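*Asks:* query_31.cif is reproduced below (mmCIF, C-alpha atoms and all ligand atoms).
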```cif
data_start
loop_
_atom_site.label_atom_id
_atom_site.label_comp_id
_atom_site.auth_asym_id
_atom_site.auth_seq_id
_atom_site.Cartn_x
_atom_site.Cartn_y
_atom_site.Cartn_z
CA MET A 1 -30.61 23.28 -31.57
CA VAL A 2 -27.57 23.81 -29.36
CA ASN A 3 -26.64 27.48 -29.39
CA GLU A 4 -22.92 26.87 -29.85
CA GLU A 5 -21.80 30.46 -29.55
CA ARG A 6 -23.63 30.93 -26.27
CA ALA A 7 -22.47 27.57 -24.93
CA ILE A 8 -18.82 28.38 -25.66
CA LYS A 9 -19.07 31.82 -24.09
CA PHE A 10 -20.75 30.32 -21.01
CA LEU A 11 -17.95 27.80 -20.49
CA GLN A 12 -15.32 30.49 -20.95
CA ASP A 13 -17.10 32.62 -18.35
CA LEU A 14 -17.07 29.76 -15.83
CA ILE A 15 -13.36 29.11 -16.39
CA GLN A 16 -12.61 32.80 -15.84
CA ILE A 17 -14.13 32.61 -12.36
CA GLU A 18 -11.41 31.17 -10.16
CA SER A 19 -12.73 28.43 -7.88
CA VAL A 20 -9.52 26.72 -6.89
CA ASN A 21 -9.92 24.47 -3.88
CA PRO A 22 -8.61 25.14 -1.29
CA PRO A 23 -10.25 27.48 -0.48
CA GLY A 24 -13.02 26.80 -3.05
CA ASN A 25 -14.81 30.11 -3.76
CA GLU A 26 -17.58 28.20 -5.52
CA LEU A 27 -20.11 30.97 -4.83
CA GLY A 28 -18.91 32.99 -7.84
CA VAL A 29 -19.45 30.02 -10.16
CA ALA A 30 -22.89 29.38 -8.67
CA GLU A 31 -23.86 33.03 -9.23
CA ALA A 32 -22.68 32.92 -12.84
CA ILE A 33 -24.80 29.82 -13.46
CA ALA A 34 -27.78 31.46 -11.76
CA GLY A 35 -27.37 34.51 -14.02
CA HIS A 36 -27.16 32.30 -17.10
CA VAL A 37 -30.34 30.31 -16.41
CA LYS A 38 -32.44 33.31 -15.41
CA ASN A 39 -33.55 34.42 -18.85
CA PRO A 40 -34.50 31.03 -20.18
CA GLY A 41 -36.56 30.75 -16.99
CA LEU A 42 -35.08 27.84 -15.07
CA SER A 43 -35.60 28.06 -11.34
CA CYS A 44 -32.46 28.18 -9.30
CA GLU A 45 -31.46 28.17 -5.67
CA ILE A 46 -28.01 28.97 -4.33
CA LYS A 47 -27.19 27.43 -0.98
CA PRO A 48 -24.28 29.26 0.65
CA PHE A 49 -22.65 27.51 3.60
CA SER A 50 -19.57 29.53 4.43
CA GLU A 51 -17.72 32.55 3.14
CA ASN A 52 -17.68 32.42 -0.67
CA ARG A 53 -18.75 28.80 -0.71
CA ALA A 54 -22.04 27.39 -1.92
CA ASN A 55 -23.91 24.47 -3.42
CA MET A 56 -26.73 25.05 -5.87
CA ILE A 57 -29.87 23.53 -7.38
CA VAL A 58 -31.21 24.31 -10.87
CA ARG A 59 -34.55 22.85 -11.86
CA LEU A 60 -36.18 22.21 -15.21
CA GLU A 61 -39.77 21.46 -14.40
CA GLY A 62 -41.59 18.65 -16.14
CA LYS A 63 -45.33 17.88 -16.28
CA ASP A 64 -45.30 15.89 -13.10
CA SER A 65 -42.88 16.91 -10.38
CA SER A 66 -43.99 14.02 -8.18
CA ARG A 67 -42.18 11.61 -10.50
CA PRO A 68 -38.61 10.68 -9.60
CA PRO A 69 -36.48 13.37 -11.23
CA LEU A 70 -33.36 12.83 -13.31
CA ILE A 71 -30.40 14.32 -11.47
CA PHE A 72 -27.50 16.03 -13.19
CA ASN A 73 -24.46 16.54 -10.97
CA GLY A 74 -21.21 18.44 -11.21
CA HIS A 75 -18.75 20.05 -8.83
CA LEU A 76 -18.00 23.76 -8.98
CA ASP A 77 -14.44 23.74 -7.61
CA THR A 78 -11.16 22.95 -9.36
CA VAL A 79 -7.73 21.80 -8.25
CA PRO A 80 -4.92 24.40 -8.01
CA ILE A 81 -3.01 25.37 -11.15
CA GLY A 82 0.26 23.71 -10.06
CA ASP A 83 3.82 24.94 -10.48
CA ASN A 84 4.26 24.27 -14.20
CA LEU A 85 3.96 27.13 -16.65
CA TRP A 86 0.78 27.14 -18.69
CA GLU A 87 0.91 27.89 -22.39
CA HIS A 88 -2.57 29.39 -22.12
CA PRO A 89 -3.27 31.33 -18.92
CA PRO A 90 -5.22 29.01 -16.61
CA PHE A 91 -8.14 31.40 -16.08
CA SER A 92 -8.38 32.65 -19.66
CA GLY A 93 -10.80 30.23 -21.27
CA ASN A 94 -8.84 30.82 -24.48
CA MET A 95 -10.16 29.01 -27.53
CA VAL A 96 -7.45 27.79 -29.91
CA ASP A 97 -7.79 25.19 -32.68
CA GLY A 98 -11.12 23.89 -31.46
CA LYS A 99 -10.04 23.58 -27.84
CA ILE A 100 -11.04 25.66 -24.83
CA TYR A 101 -8.20 25.97 -22.33
CA GLY A 102 -8.14 26.64 -18.62
CA ARG A 103 -8.25 25.12 -15.15
CA GLY A 104 -11.50 23.20 -14.96
CA ALA A 105 -12.11 23.06 -18.73
CA CYS A 106 -11.97 19.28 -18.50
CA ASP A 107 -12.53 18.67 -14.75
CA MET A 108 -15.24 19.75 -14.77
CA LYS A 109 -16.57 23.14 -15.74
CA GLY A 110 -16.92 21.74 -19.28
CA GLY A 111 -19.25 19.07 -17.93
CA VAL A 112 -21.16 21.49 -15.69
CA ALA A 113 -21.66 24.00 -18.52
CA ALA A 114 -22.83 21.19 -20.83
CA LEU A 115 -25.43 19.96 -18.31
CA ILE A 116 -26.81 23.47 -17.83
CA GLU A 117 -26.85 24.18 -21.58
CA ALA A 118 -28.75 20.92 -22.11
CA MET A 119 -31.40 22.02 -19.61
CA ILE A 120 -31.69 25.39 -21.36
CA CYS A 121 -32.04 23.67 -24.75
CA LEU A 122 -34.91 21.59 -23.44
CA LYS A 123 -36.58 24.63 -21.91
CA GLU A 124 -36.23 26.66 -25.10
CA ALA A 125 -37.55 23.82 -27.24
CA GLY A 126 -40.77 24.20 -25.25
CA GLU A 127 -41.41 20.47 -25.01
CA GLU A 128 -42.37 19.50 -21.52
CA LEU A 129 -40.83 16.32 -20.17
CA GLU A 130 -42.85 14.03 -17.92
CA HIS A 131 -40.38 14.47 -15.07
CA ASP A 132 -38.15 17.18 -13.60
CA VAL A 133 -34.49 17.42 -14.47
CA ILE A 134 -32.47 18.79 -11.56
CA PHE A 135 -28.90 19.97 -11.55
CA ILE A 136 -27.08 19.64 -8.24
CA GLY A 137 -23.92 21.77 -8.21
CA THR A 138 -21.57 20.87 -5.38
CA ALA A 139 -18.69 22.60 -3.66
CA GLY A 140 -15.55 20.91 -2.49
CA GLU A 141 -15.37 17.69 -4.48
CA GLU A 142 -11.65 18.13 -5.06
CA VAL A 143 -10.83 18.06 -1.34
CA ASP A 144 -13.39 16.37 0.87
CA CYS A 145 -16.75 16.30 -0.95
CA VAL A 146 -18.07 18.75 1.65
CA GLY A 147 -20.81 19.95 -0.72
CA ALA A 148 -22.07 16.48 -1.59
CA LYS A 149 -22.15 15.56 2.11
CA MET A 150 -24.62 18.43 2.64
CA MET A 151 -26.65 17.94 -0.51
CA VAL A 152 -27.22 14.24 0.06
CA GLU A 153 -29.64 15.25 2.83
CA GLU A 154 -31.87 17.22 0.40
CA ASP A 155 -35.39 15.85 -0.03
CA ILE A 156 -35.11 16.38 -3.75
CA LEU A 157 -32.42 13.71 -3.91
CA LYS A 158 -34.29 11.26 -1.72
CA LYS A 159 -36.94 10.85 -4.44
CA ALA A 160 -34.58 10.92 -7.41
CA GLY A 161 -34.61 8.22 -10.07
CA ALA A 162 -31.12 8.29 -11.58
CA MET A 163 -27.99 10.43 -11.68
CA VAL A 164 -25.58 11.57 -14.37
CA ILE A 165 -22.25 12.99 -13.20
CA ALA A 166 -20.45 15.03 -15.87
CA GLU A 167 -16.89 14.25 -14.74
CA PRO A 168 -14.50 13.67 -17.65
CA SER A 169 -15.17 10.39 -19.45
CA ASN A 170 -14.17 11.42 -22.95
CA GLY A 171 -17.64 10.68 -24.19
CA ARG A 172 -17.74 7.13 -22.83
CA VAL A 173 -20.14 5.72 -20.27
CA PHE A 174 -18.43 5.04 -16.94
CA THR A 175 -20.55 2.91 -14.62
CA ALA A 176 -18.03 2.23 -11.88
CA HIS A 177 -15.17 3.97 -10.17
CA LYS A 178 -12.57 3.15 -7.59
CA GLY A 179 -12.82 4.15 -3.96
CA VAL A 180 -10.11 5.96 -2.06
CA LEU A 181 -8.63 5.55 1.39
CA TRP A 182 -5.92 7.94 2.53
CA LEU A 183 -4.03 6.97 5.67
CA GLU A 184 -1.40 8.71 7.71
CA ILE A 185 1.08 6.73 9.78
CA LYS A 186 3.36 8.47 12.26
CA LEU A 187 6.20 6.76 14.09
CA PHE A 188 7.68 8.26 17.22
CA GLY A 189 11.21 7.81 18.55
CA LYS A 190 13.61 9.76 20.68
CA THR A 191 16.13 12.41 19.66
CA ALA A 192 19.83 12.17 20.52
CA HIS A 193 23.02 13.63 19.16
CA ALA A 194 23.85 11.69 16.02
CA SER A 195 27.35 11.12 17.34
CA MET A 196 25.69 8.90 19.98
CA PRO A 197 22.88 7.19 18.07
CA ASP A 198 22.51 4.50 20.73
CA GLN A 199 21.02 7.11 23.04
CA GLY A 200 18.10 7.76 20.69
CA ILE A 201 15.31 5.89 18.91
CA ASN A 202 15.48 6.41 15.16
CA ALA A 203 11.96 6.86 13.77
CA ILE A 204 13.20 6.86 10.16
CA ILE A 205 14.86 3.46 10.51
CA HIS A 206 11.66 2.10 12.04
CA MET A 207 9.72 3.57 9.17
CA SER A 208 11.95 1.83 6.65
CA GLU A 209 10.91 -1.50 8.22
CA LEU A 210 7.27 -0.57 7.90
CA ILE A 211 7.68 0.49 4.26
CA GLU A 212 9.30 -2.86 3.46
CA ARG A 213 6.20 -4.60 4.83
CA LEU A 214 3.88 -2.26 2.96
CA LYS A 215 5.62 -3.16 -0.30
CA LYS A 216 4.41 -6.72 0.26
CA PHE A 217 0.90 -5.74 1.38
CA THR A 218 -1.81 -8.00 -0.04
CA PHE A 219 -5.43 -7.02 -0.52
CA TYR A 220 -8.16 -9.56 -0.05
CA ALA A 221 -10.02 -8.68 -3.22
CA GLU A 222 -10.81 -10.16 -6.59
CA GLU A 223 -9.74 -8.31 -9.69
CA HIS A 224 -12.67 -6.17 -10.85
CA GLY A 225 -13.95 -6.54 -14.41
CA LEU A 226 -13.95 -2.80 -15.15
CA LEU A 227 -11.48 -1.45 -12.63
CA GLY A 228 -8.74 -4.04 -12.32
CA LYS A 229 -6.82 -4.35 -9.07
CA PRO A 230 -6.72 -2.23 -5.93
CA SER A 231 -3.48 -0.37 -5.27
CA LEU A 232 -1.46 0.99 -2.37
CA THR A 233 1.03 3.83 -2.83
CA VAL A 234 3.33 5.24 -0.17
CA SER A 235 2.96 8.77 -1.45
CA THR A 236 4.67 11.14 1.01
CA ILE A 237 7.34 10.87 3.68
CA GLU A 238 8.63 13.40 6.19
CA GLY A 239 11.00 13.08 9.08
CA GLY A 240 14.13 14.28 10.79
CA VAL A 241 15.21 17.72 11.95
CA LYS A 242 18.94 18.04 11.30
CA THR A 243 21.79 16.04 9.87
CA ASN A 244 23.36 15.57 13.28
CA VAL A 245 20.21 14.62 15.18
CA VAL A 246 18.63 11.17 15.53
CA PRO A 247 15.08 11.70 14.21
CA ASP A 248 12.29 11.27 16.74
CA GLN A 249 9.46 11.42 14.20
CA CYS A 250 8.67 10.08 10.78
CA ARG A 251 5.39 10.37 8.95
CA ILE A 252 4.13 8.76 5.77
CA THR A 253 0.85 8.95 3.92
CA LEU A 254 -0.69 6.15 1.90
CA ASP A 255 -3.02 6.44 -1.07
CA ILE A 256 -5.09 3.29 -1.35
CA ARG A 257 -7.48 2.80 -4.30
CA THR A 258 -10.12 0.16 -3.81
CA VAL A 259 -12.53 -1.71 -6.06
CA PRO A 260 -16.25 -2.28 -5.39
CA GLY A 261 -16.98 -4.81 -2.70
CA MET A 262 -13.90 -4.03 -0.61
CA LYS A 263 -14.61 -2.94 2.94
CA HIS A 264 -12.37 -0.02 3.88
CA GLU A 265 -12.71 -0.90 7.58
CA LYS A 266 -11.11 -4.23 6.82
CA ILE A 267 -8.10 -2.56 5.19
CA ILE A 268 -7.70 -0.21 8.15
CA HIS A 269 -7.83 -3.25 10.41
CA GLN A 270 -5.18 -5.04 8.31
CA ILE A 271 -2.85 -2.04 8.57
CA SER A 272 -3.44 -1.81 12.34
CA GLU A 273 -2.55 -5.47 12.66
CA LEU A 274 0.63 -4.93 10.69
CA LEU A 275 1.57 -2.11 13.08
CA GLU A 276 0.85 -4.39 16.04
CA GLU A 277 3.12 -7.08 14.56
CA LEU A 278 5.96 -4.60 14.17
CA LYS A 279 5.38 -3.39 17.69
CA ALA A 280 5.87 -6.91 18.93
CA GLU A 281 8.99 -7.43 16.81
CA ILE A 282 10.78 -4.13 17.18
CA LYS A 283 11.64 -2.56 20.48
CA ASN A 284 10.25 0.96 20.95
CA PHE A 285 8.21 0.86 17.76
CA GLN A 286 5.54 3.52 18.46
CA PRO A 287 2.99 4.01 15.72
CA GLU A 288 -0.06 6.22 15.28
CA LEU A 289 -2.56 5.59 12.50
CA ASN A 290 -5.02 8.20 11.19
CA VAL A 291 -7.63 8.11 8.43
CA LEU A 292 -7.48 11.23 6.25
CA ASN A 293 -10.01 10.41 3.56
CA ASN A 294 -12.37 7.50 3.17
CA LEU A 295 -14.65 7.30 0.12
CA PRO A 296 -16.12 4.05 -1.19
CA ALA A 297 -16.10 2.82 -4.79
CA LEU A 298 -19.08 3.03 -7.15
CA GLU A 299 -20.70 0.14 -8.93
CA ASN A 300 -24.16 -0.06 -10.49
CA MET A 301 -26.49 -3.04 -10.42
CA LYS A 302 -26.03 -5.55 -13.21
CA ASN A 303 -28.31 -4.97 -16.21
CA ASP A 304 -29.62 -1.71 -14.89
CA SER A 305 -32.11 -0.14 -17.30
CA PHE A 306 -30.77 3.41 -16.88
CA VAL A 307 -27.22 2.23 -17.62
CA ARG A 308 -28.60 0.50 -20.71
CA LEU A 309 -30.30 3.71 -21.82
CA CYS A 310 -27.06 5.70 -21.38
CA LEU A 311 -25.18 3.19 -23.54
CA GLU A 312 -27.95 3.12 -26.16
CA VAL A 313 -28.07 6.90 -26.56
CA ASN A 314 -24.29 7.00 -26.98
CA GLN A 315 -24.45 4.35 -29.66
CA GLU A 316 -27.28 6.02 -31.53
CA LEU A 317 -25.83 9.51 -31.45
CA TYR A 318 -22.11 8.82 -31.74
CA ASN A 319 -21.82 5.24 -32.81
CA MET A 320 -20.00 4.36 -29.60
CA LYS A 321 -19.84 0.67 -28.70
CA PRO A 322 -22.34 -0.05 -25.92
CA GLU A 323 -19.59 -0.90 -23.48
CA GLU A 324 -19.46 0.01 -19.80
CA LYS A 325 -16.18 1.49 -18.62
CA GLY A 326 -14.70 2.29 -15.21
CA ALA A 327 -12.82 5.30 -13.83
CA ASN A 328 -9.77 5.27 -11.60
CA TYR A 329 -10.72 8.57 -9.97
CA TYR A 330 -13.45 9.05 -7.38
CA THR A 331 -16.42 11.40 -7.63
CA ASP A 332 -19.25 12.80 -5.51
CA ALA A 333 -20.94 9.43 -6.19
CA SER A 334 -18.87 8.10 -3.28
CA ILE A 335 -21.14 10.22 -1.08
CA PHE A 336 -24.40 10.03 -3.04
CA PHE A 337 -24.44 6.38 -4.06
CA PRO A 338 -24.15 4.57 -0.69
CA GLN A 339 -27.02 6.62 0.70
CA LEU A 340 -29.31 7.08 -2.29
CA LYS A 341 -28.62 3.81 -4.18
CA LEU A 342 -29.47 5.51 -7.48
CA PRO A 343 -28.34 4.22 -10.84
CA THR A 344 -25.37 6.53 -11.42
CA VAL A 345 -23.47 7.06 -14.63
CA ILE A 346 -20.44 9.24 -15.33
CA TYR A 347 -20.46 10.89 -18.72
CA GLY A 348 -18.56 14.05 -19.56
CA PRO A 349 -16.87 15.81 -22.46
CA GLY A 350 -13.41 16.09 -20.92
CA ASN A 351 -10.62 13.60 -21.41
CA GLU A 352 -9.87 12.20 -17.96
CA LYS A 353 -6.14 12.10 -18.76
CA LEU A 354 -6.08 15.92 -18.84
CA ALA A 355 -7.71 16.38 -15.44
CA HIS A 356 -5.49 18.13 -12.88
CA GLN A 357 -2.81 18.73 -15.58
CA PRO A 358 -1.31 22.01 -16.79
CA ASN A 359 -2.81 23.21 -20.10
CA GLU A 360 -6.05 21.40 -19.32
CA TYR A 361 -8.57 21.78 -22.13
CA VAL A 362 -11.83 20.46 -23.52
CA GLU A 363 -12.49 19.97 -27.22
CA VAL A 364 -15.33 22.18 -28.41
CA LYS A 365 -16.71 19.33 -30.51
CA LYS A 366 -16.85 16.97 -27.52
CA TYR A 367 -18.39 19.71 -25.39
CA ILE A 368 -21.22 20.31 -27.88
CA GLN A 369 -21.72 16.57 -28.29
CA ALA A 370 -22.11 16.22 -24.52
CA ILE A 371 -24.87 18.84 -24.53
CA GLU A 372 -26.72 16.92 -27.25
CA TYR A 373 -26.21 13.70 -25.34
CA TYR A 374 -27.71 15.08 -22.12
CA VAL A 375 -30.69 16.52 -24.05
CA GLU A 376 -31.44 13.15 -25.63
CA LEU A 377 -30.93 11.28 -22.38
CA ALA A 378 -33.30 13.58 -20.49
CA ARG A 379 -35.94 13.13 -23.17
CA ARG A 380 -35.76 9.36 -23.12
CA TYR A 381 -35.40 8.89 -19.40
CA SER A 382 -38.58 7.70 -17.85
CA SER A 383 -38.95 7.03 -14.23
ZN ZN B 1 -13.69 16.32 -10.99
#
```
I'd like the structure from this file rewritten - as structure tokens, please.
*Replies:*
Amino acid sequence: MVNEERAIKFLQDLIQIESVNPPGNELGVAEAIAGHVKNPGLSCEIKPFSENRANMIVRLEGKDSSRPPLIFNGHLDTVPIGDNLWEHPPFSGNMVDGKIYGRGACDMKGGVAALIEAMICLKEAGEELEHDVIFIGTAGEEVDCVGAKMMVEEDILKKAGAMVIAEPSNGRVFTAHKGVLWLEIKLFGKTAHASMPDQGINAIIHMSELIERLKKFTFYAEEHGLLGKPSLTVSTIEGGVKTNVVPDQCRITLDIRTVPGMKHEKIIHQISELLEELKAEIKNFQPELNVLNNLPALENMKNDSFVRLCLEVNQELYNMKPEEKGANYYTDASIFFPQLKLPTVIYGPGNEKLAHQPNEYVEVKKYIQAIEYYVELARRYSS
């Protein structure tokens, strides 16, 4: 009952609309989706919020709209194409050997197209579900989740029953993901001619002390059953002006990945304390700490009935072991989950290892299977 030809063309169309973030340009993707759902008769609302940027809502009405709807979610932006050469042009949507190529094919226009196609399938089949199925398309997930931060205030979400996010999971059911905390630490010193280093304060040397301590940083957290351990990576460093000048500034950024249950405030506090210690030990150690991104981890309740249903459907349709898995990446659930407390599952056709890579693709077979999966899930979901 999936119209494969139409589904493939639709995904190719979405890939061909550039929505690289920054700046985003999600409006074009939202308009293409709106055009696609018009004929089958799904109602649709685009919510622009700045130039060329928008969130959107697509609704498949059931018999009783007062019941908690099932929410489908996907982001409309992609990451940049990177510096590597692509074998298939990144905005082509080329189909070769059963794979559709292009930026976003895997993360996550493949997932978005599959959710929308599933809603169209249900509409065309003419069977009315008891409840509404609502697609929430968000802008900005790849940078700061700006779209999700706006959409979480929508009344429609406040009465929702469960959420499926179509981020790449390679056809497995992800029920947890890590959180992310990005920190910036700047150290300030004093410039001097490098022939007289005693006259200056070397911010790079101070930073090397800090990095040594960060290498030994310990998290107060148990290892998580699905997600393993938290991690801390010193991911960028900048400093110095010239070979013959004592550097008066050095800046690093940290990428910290957390597991459910960890309080990010506590980690920030631990880092501040470490800076205070160094301040006490090292003369003229002048730090500044800034939080750049702070998104909590996702974890569902134990034995949740919606999670069980998601696993069951995957077993029945594709003979997949009913096993919950976890993702290392974060999603819009970091915004939705803490506020809405909905059972939230990640299930998408892309292979998460291909996300953000050159020559990103989605397998056509997996894409069609995802559509069938969402159709079955929507049918069996009851609120
Ligand atoms: Zn994504």
*Asks:* Residues near A:Phe49, anyone? I mean within 12 Å using only C-alpha atoms, not counting same-chain ones fewer than 6 positions away, as a compact mmCIF listing (two decimals) with C-alpha atoms, in the frame of the given file.
*Replies:*
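Resulting contents of out_36.txt:
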```txt
# COMPACT_ATOMS: atom_id res chain seq x y z
CA GLY A 24 -13.02 26.80 -3.05
CA ASN A 25 -14.81 30.11 -3.76
CA GLU A 26 -17.58 28.20 -5.52
CA LEU A 27 -20.11 30.97 -4.83
CA ASN A 55 -23.91 24.47 -3.42
CA MET A 56 -26.73 25.05 -5.87
CA THR A 138 -21.57 20.87 -5.38
CA ALA A 139 -18.69 22.60 -3.66
CA GLY A 140 -15.55 20.91 -2.49
CA VAL A 146 -18.07 18.75 1.65
CA GLY A 147 -20.81 19.95 -0.72
CA MET A 150 -24.62 18.43 2.64
CA MET A 151 -26.65 17.94 -0.51
```
*Asks:* Could you check how far atom CA of A:Gln315 sits from atom CA of A:Ile346, in Å to one decimal?
*Replies:*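 Interatomic distance here is 15.7 Å.
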*Asks:* For a quick check of understanding, using all atoms listed in the file, which of A:Met108, A:Leu354, A:Ile46, A:Ala162 has the smallest distance to ligand ZN 1 (chain B)?
*Replies:*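 Going through A:Met108, A:Leu354, A:Ile46, A:Ala162 one by one, the smallest distance to ligand ZN 1 (chain B) is for A:Met108.
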*Asks:* If the limit is 10 Å from any atom of ligand ZN 1 (chain B), counting only C-alpha atoms and all ligand atoms, which residues qualify? Return them as a ChimeraX atom specification.
*Replies:* /A:74-79,104,106-109,111,140-142,165-168,329-332,350,352,355-356
*Asks:* Would you write out, as a tab-separated table, a table of all residues in stretch 194-240 of chain A that have an atom no more than 9 Å from an atom of stretch 282-287 of chain A, listing for each the closest atom pair and the distance in Å to one decimal, considering all atoms listed in the file and ordering rows by chain and rising residue number?
*Replies:*
```
residue	atom	partner	partner_atom	distance
A:Ile201	CA	A:Asn284	CA	7.4
A:Ala203	CA	A:Phe285	CA	8.1
A:His206	CA	A:Phe285	CA	6.8
```
*Asks:* Within 10 Å of A:Leu295, counting all atoms listed in the file, which residues show up once you throw out same-chain ones fewer than 5 positions away? Write them as a list in words, please.
*Replies:* Asp144, Cys145, Lys178, Gly179, Val180, Leu181, Trp182, Arg257, Thr258, His264, Tyr330, Thr331, Asp332, Ala333, Ser334, Ile335 and Pro338 of chain A
*Asks:* So, counting all atoms listed in the file, which residue among A:Gln12, A:Thr253, A:Asn300, A:Gln339 is closest to A:Glu154?
*Replies:*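 The answer is A:Gln339, which sits nearest to A:Glu154.
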*Asks:* What would stretch 171-186 of chain A look like with N, CA, C and O atoms in place, written as a PDB file, keeping the file's coordinate frame?
*Replies:*
```
ATOM      1  N   GLY A 171     -16.499  11.128 -23.407  1.00  0.00           N
ATOM      2  CA  GLY A 171     -17.640  10.680 -24.190  1.00  0.00           C
ATOM      3  C   GLY A 171     -17.965   9.195 -24.064  1.00  0.00           C
ATOM      4  O   GLY A 171     -18.729   8.648 -24.840  1.00  0.00           O
ATOM      5  N   ARG A 172     -17.385   8.529 -23.063  1.00  0.00           N
ATOM      6  CA  ARG A 172     -17.740   7.130 -22.830  1.00  0.00           C
ATOM      7  C   ARG A 172     -18.614   7.045 -21.579  1.00  0.00           C
ATOM      8  O   ARG A 172     -18.718   7.994 -20.826  1.00  0.00           O
ATOM      9  N   VAL A 173     -19.242   5.890 -21.406  1.00  0.00           N
ATOM     10  CA  VAL A 173     -20.140   5.720 -20.270  1.00  0.00           C
ATOM     11  C   VAL A 173     -19.397   4.967 -19.167  1.00  0.00           C
ATOM     12  O   VAL A 173     -19.100   3.785 -19.307  1.00  0.00           O
ATOM     13  N   PHE A 174     -19.078   5.664 -18.098  1.00  0.00           N
ATOM     14  CA  PHE A 174     -18.430   5.040 -16.940  1.00  0.00           C
ATOM     15  C   PHE A 174     -19.525   4.631 -15.948  1.00  0.00           C
ATOM     16  O   PHE A 174     -20.335   5.470 -15.545  1.00  0.00           O
ATOM     17  N   THR A 175     -19.509   3.372 -15.548  1.00  0.00           N
ATOM     18  CA  THR A 175     -20.550   2.910 -14.620  1.00  0.00           C
ATOM     19  C   THR A 175     -19.969   2.468 -13.284  1.00  0.00           C
ATOM     20  O   THR A 175     -20.683   1.980 -12.430  1.00  0.00           O
ATOM     21  N   ALA A 176     -18.659   2.609 -13.148  1.00  0.00           N
ATOM     22  CA  ALA A 176     -18.030   2.230 -11.880  1.00  0.00           C
ATOM     23  C   ALA A 176     -16.809   3.111 -11.668  1.00  0.00           C
ATOM     24  O   ALA A 176     -16.230   3.596 -12.635  1.00  0.00           O
ATOM     25  N   HIS A 177     -16.472   3.355 -10.429  1.00  0.00           N
ATOM     26  CA  HIS A 177     -15.170   3.970 -10.170  1.00  0.00           C
ATOM     27  C   HIS A 177     -14.570   3.449  -8.879  1.00  0.00           C
ATOM     28  O   HIS A 177     -15.261   2.885  -8.031  1.00  0.00           O
ATOM     29  N   LYS A 178     -13.259   3.640  -8.765  1.00  0.00           N
ATOM     30  CA  LYS A 178     -12.570   3.150  -7.590  1.00  0.00           C
ATOM     31  C   LYS A 178     -12.915   3.984  -6.355  1.00  0.00           C
ATOM     32  O   LYS A 178     -13.359   5.125  -6.477  1.00  0.00           O
ATOM     33  N   GLY A 179     -12.690   3.414  -5.200  1.00  0.00           N
ATOM     34  CA  GLY A 179     -12.820   4.150  -3.960  1.00  0.00           C
ATOM     35  C   GLY A 179     -11.428   4.595  -3.515  1.00  0.00           C
ATOM     36  O   GLY A 179     -10.420   4.172  -4.082  1.00  0.00           O
ATOM     37  N   VAL A 180     -11.398   5.464  -2.519  1.00  0.00           N
ATOM     38  CA  VAL A 180     -10.110   5.960  -2.060  1.00  0.00           C
ATOM     39  C   VAL A 180     -10.047   5.927  -0.539  1.00  0.00           C
ATOM     40  O   VAL A 180     -11.036   6.174   0.145  1.00  0.00           O
ATOM     41  N   LEU A 181      -8.878   5.550  -0.053  1.00  0.00           N
ATOM     42  CA  LEU A 181      -8.630   5.550   1.390  1.00  0.00           C
ATOM     43  C   LEU A 181      -7.238   6.153   1.599  1.00  0.00           C
ATOM     44  O   LEU A 181      -6.258   5.606   1.111  1.00  0.00           O
ATOM     45  N   TRP A 182      -7.194   7.308   2.244  1.00  0.00           N
ATOM     46  CA  TRP A 182      -5.920   7.940   2.530  1.00  0.00           C
ATOM     47  C   TRP A 182      -5.605   7.759   4.011  1.00  0.00           C
ATOM     48  O   TRP A 182      -6.416   8.118   4.870  1.00  0.00           O
ATOM     49  N   LEU A 183      -4.440   7.197   4.291  1.00  0.00           N
ATOM     50  CA  LEU A 183      -4.030   6.970   5.670  1.00  0.00           C
ATOM     51  C   LEU A 183      -2.751   7.717   5.978  1.00  0.00           C
ATOM     52  O   LEU A 183      -1.916   7.920   5.093  1.00  0.00           O
ATOM     53  N   GLU A 184      -2.631   8.092   7.226  1.00  0.00           N
ATOM     54  CA  GLU A 184      -1.400   8.710   7.710  1.00  0.00           C
ATOM     55  C   GLU A 184      -0.835   7.808   8.800  1.00  0.00           C
ATOM     56  O   GLU A 184      -1.587   7.405   9.694  1.00  0.00           O
ATOM     57  N   ILE A 185       0.449   7.503   8.699  1.00  0.00           N
ATOM     58  CA  ILE A 185       1.080   6.730   9.780  1.00  0.00           C
ATOM     59  C   ILE A 185       2.267   7.536  10.319  1.00  0.00           C
ATOM     60  O   ILE A 185       3.137   7.954   9.550  1.00  0.00           O
ATOM     61  N   LYS A 186       2.246   7.770  11.610  1.00  0.00           N
ATOM     62  CA  LYS A 186       3.360   8.470  12.260  1.00  0.00           C
ATOM     63  C   LYS A 186       4.099   7.466  13.141  1.00  0.00           C
ATOM     64  O   LYS A 186       3.469   6.641  13.811  1.00  0.00           O
TER      65      LYS A 186
END
```
